[in-house]
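Engineer: Starting off with a structure, shown below.
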Amino acid sequence: PGLLHPMERPEGGLIDPEGILYGTTNLGGRGGVGALFGFNLFSNNETLNYSFSGPPNDPTYPDSTPVFYGSSLYFTGNSNGGNIFAFNLVTGTDSSVHSFNPGGYAYPDGAMTLSGSTLYGAVNAATNSDGYLYSFNLLTNQLTVLYTFTGDPSDGNGPFAPIVSGSMLYGVTDSGGEYGDGTVYAYNLATGKENILYSFAGGTADGDDAEGQLLAVGNTLYGATFEGGLYNDGTIFSITVPEPGGATVVLVGIVGGLLGRYFWRRGAVGAAC
């Protein structure tokens with residue numbers, strides 16, 4: 001593949017509203033703590049839309065995938081207890097639209113999923129919490145905690161942002177579950193109930209420490225684990241839903257060596273850093 005443009009430590013995924021890729025960098029920018037950029041696919045030119053300055057009003061070292069809604073890009077940051085930020089592409093201004101835990105700590109996952117005018121995401125860890133799922137109404141700027149995880153052995157711990165399929169949210173946790181090695185979870189928006197579809201067992205025959213978002217192809221979900229598998233360098237798995245009586249995970253591939261060790265994603269399967 002050809003190099004479109006060099007930059008300093010881009011992280012998270014890219015979005016493409018009308019031919020411009022938007023994303024964040026973990027370093028660089030005028031303050032050296034990250035930036036929001038746009039890359040025009042037609043002219044191959046990059047624009048530095050915004051340089052982050054850090055607390056109390058800005059994130060530092062972002063690894064978030066922006067979500068486009070209206071005229072703004074929405075993304076998360078971990079500064080000052082964790083926030084959801086909005087960057088207005090028309091005015092060029094950045095603002096915090098929600099603070100997760102002022103005075104404490106919260107680590108929102110860098111990805112969010114847009115459905116209608118609602119963002120769905122996860123806080124991977126927070127003060128006195130094993131993580132939780134949330135919805136954020138973009139019309140009212142109101143956040144609702146949908147479900148709080150309780151940890152192993154009956155539940156997951158450390159959730160990553162879900163994807164939306166009909167009335168269901170599907171995602172993974174990096175730990176918890178029956179064996180403490182992470183889970184695949186489902187949350188029903190209609191009933192408010194969560195259940196564990198699969199608990200990873202680790203070792204050479206299974207994944208361990210699932211991270212990032214799932215990718216849906218029909219009724220099959222694909223994901224990746226950071227560890228586990230034949231070389232303990234991560235796996236790629238698939239899971240079919242719904243599955244009466246329990247879901248079955250199939251290891252699609254074993255990722256080995258240096259590539260596998262860093263094959264964890266803040267976006268969907270298909271991106272390696």
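If you're wondering about the labels, chains in the structure tokens are A, B, ... by order shown, residues count from 1 in each chain, ligands from 1 in order shown.
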Need the shell around region 34-36 of chain A: protein/DNA/RNA residues with any atom at most 7 Å away, counting only C-alpha atoms. Skip same-chain ones fewer than 3 positions apart. Format as a PyMOL selection string?
Structural biologist: chain A and resi 23-29+48-52+60-62
Engineer: Grab the CA of Ile163 (chain A) to CA of Ala210 (chain A) distance for me, in Å with one decimal place.
Structural biologist: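 Interatomic distance, CA of Ile163 (chain A) to CA of Ala210 (chain A): 14.7 Å.
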Engineer: Nearest to Tyr198 (chain A) among A:Leu215, A:Val90, A:Val241, A:Val164, with distances taken over only C-alpha atoms: which residue is it?
Structural biologist: A:Val241
Engineer: Would you pick out the contacts of region 98-115 of chain A at 6 Å or less, using only C-alpha atoms, so that residues sharing its chain but fewer than 6 positions from it are not included, and give the list as a PDB file with N, CA, C and O atoms, in the first residue's frame?
Structural biologist:
ATOM      1  N   ASP A  63      -6.871   8.457  21.838  1.00  0.00           N
ATOM      2  CA  ASP A  63      -6.836   7.303  20.936  1.00  0.00           C
ATOM      3  C   ASP A  63      -8.256   6.997  20.487  1.00  0.00           C
ATOM      4  O   ASP A  63      -8.652   5.852  20.337  1.00  0.00           O
ATOM      5  N   SER A  64      -9.025   8.050  20.274  1.00  0.00           N
ATOM      6  CA  SER A  64     -10.453   7.929  20.036  1.00  0.00           C
ATOM      7  C   SER A  64     -10.782   7.963  18.550  1.00  0.00           C
ATOM      8  O   SER A  64     -10.098   8.631  17.762  1.00  0.00           O
ATOM      9  N   THR A  65     -11.831   7.248  18.170  1.00  0.00           N
ATOM     10  CA  THR A  65     -12.379   7.302  16.825  1.00  0.00           C
ATOM     11  C   THR A  65     -13.523   8.306  16.804  1.00  0.00           C
ATOM     12  O   THR A  65     -14.534   8.099  17.477  1.00  0.00           O
ATOM     13  N   THR A  76     -14.111  10.732  22.678  1.00  0.00           N
ATOM     14  CA  THR A  76     -13.917  10.651  24.123  1.00  0.00           C
ATOM     15  C   THR A  76     -12.474  10.990  24.487  1.00  0.00           C
ATOM     16  O   THR A  76     -11.564  10.896  23.667  1.00  0.00           O
ATOM     17  N   ASN A  78      -9.733  11.019  28.298  1.00  0.00           N
ATOM     18  CA  ASN A  78      -9.591  10.520  29.666  1.00  0.00           C
ATOM     19  C   ASN A  78      -9.215  11.587  30.688  1.00  0.00           C
ATOM     20  O   ASN A  78      -9.039  11.286  31.865  1.00  0.00           O
ATOM     21  N   GLY A  81     -11.330  13.022  34.735  1.00  0.00           N
ATOM     22  CA  GLY A  81     -12.396  12.078  35.023  1.00  0.00           C
ATOM     23  C   GLY A  81     -13.077  11.488  33.810  1.00  0.00           C
ATOM     24  O   GLY A  81     -14.033  10.731  33.949  1.00  0.00           O
ATOM     25  N   GLY A  82     -12.612  11.798  32.624  1.00  0.00           N
ATOM     26  CA  GLY A  82     -13.198  11.242  31.408  1.00  0.00           C
ATOM     27  C   GLY A  82     -14.316  12.107  30.867  1.00  0.00           C
ATOM     28  O   GLY A  82     -15.192  12.563  31.610  1.00  0.00           O
ATOM     29  N   ASN A  83     -14.283  12.375  29.566  1.00  0.00           N
ATOM     30  CA  ASN A  83     -15.262  13.263  28.952  1.00  0.00           C
ATOM     31  C   ASN A  83     -15.676  12.775  27.570  1.00  0.00           C
ATOM     32  O   ASN A  83     -14.960  12.015  26.917  1.00  0.00           O
ATOM     33  N   ILE A  84     -16.850  13.254  27.125  1.00  0.00           N
ATOM     34  CA  ILE A  84     -17.230  13.220  25.721  1.00  0.00           C
ATOM     35  C   ILE A  84     -17.061  14.643  25.196  1.00  0.00           C
ATOM     36  O   ILE A  84     -17.576  15.597  25.789  1.00  0.00           O
ATOM     37  N   GLY A 121     -21.685   3.612  24.028  1.00  0.00           N
ATOM     38  CA  GLY A 121     -20.283   3.399  24.325  1.00  0.00           C
ATOM     39  C   GLY A 121     -20.094   2.656  25.626  1.00  0.00           C
ATOM     40  O   GLY A 121     -21.058   2.171  26.237  1.00  0.00           O
ATOM     41  N   ALA A 122     -18.848   2.568  26.063  1.00  0.00           N
ATOM     42  CA  ALA A 122     -18.520   1.855  27.298  1.00  0.00           C
ATOM     43  C   ALA A 122     -17.423   2.603  28.034  1.00  0.00           C
ATOM     44  O   ALA A 122     -16.528   3.190  27.422  1.00  0.00           O
ATOM     45  N   VAL A 123     -17.520   2.578  29.347  1.00  0.00           N
ATOM     46  CA  VAL A 123     -16.431   3.024  30.208  1.00  0.00           C
ATOM     47  C   VAL A 123     -15.712   1.769  30.675  1.00  0.00           C
ATOM     48  O   VAL A 123     -16.312   0.902  31.321  1.00  0.00           O
ATOM     49  N   ASN A 124     -14.435   1.643  30.281  1.00  0.00           N
ATOM     50  CA  ASN A 124     -13.684   0.416  30.532  1.00  0.00           C
ATOM     51  C   ASN A 124     -13.403   0.204  32.004  1.00  0.00           C
ATOM     52  O   ASN A 124     -13.377  -0.930  32.493  1.00  0.00           O
ATOM     53  N   ALA A 125     -13.203   1.296  32.732  1.00  0.00           N
ATOM     54  CA  ALA A 125     -12.972   1.225  34.175  1.00  0.00           C
ATOM     55  C   ALA A 125     -13.279   2.584  34.771  1.00  0.00           C
ATOM     56  O   ALA A 125     -13.155   3.608  34.108  1.00  0.00           O
ATOM     57  N   ALA A 126     -13.700   2.588  36.023  1.00  0.00           N
ATOM     58  CA  ALA A 126     -14.013   3.837  36.717  1.00  0.00           C
ATOM     59  C   ALA A 126     -13.883   3.605  38.214  1.00  0.00           C
ATOM     60  O   ALA A 126     -13.739   2.467  38.683  1.00  0.00           O
ATOM     61  N   THR A 127     -13.919   4.688  38.970  1.00  0.00           N
ATOM     62  CA  THR A 127     -13.856   4.586  40.425  1.00  0.00           C
ATOM     63  C   THR A 127     -14.972   3.683  40.927  1.00  0.00           C
ATOM     64  O   THR A 127     -16.143   3.883  40.611  1.00  0.00           O
ATOM     65  N   PHE A 160     -15.540  -2.999  26.358  1.00  0.00           N
ATOM     66  CA  PHE A 160     -15.238  -2.125  25.237  1.00  0.00           C
ATOM     67  C   PHE A 160     -16.541  -1.777  24.523  1.00  0.00           C
ATOM     68  O   PHE A 160     -17.550  -2.452  24.683  1.00  0.00           O
ATOM     69  N   ALA A 161     -16.498  -0.710  23.753  1.00  0.00           N
ATOM     70  CA  ALA A 161     -17.723  -0.157  23.163  1.00  0.00           C
ATOM     71  C   ALA A 161     -18.454  -1.191  22.312  1.00  0.00           C
ATOM     72  O   ALA A 161     -17.828  -1.937  21.554  1.00  0.00           O
TER      73      ALA A 161
END
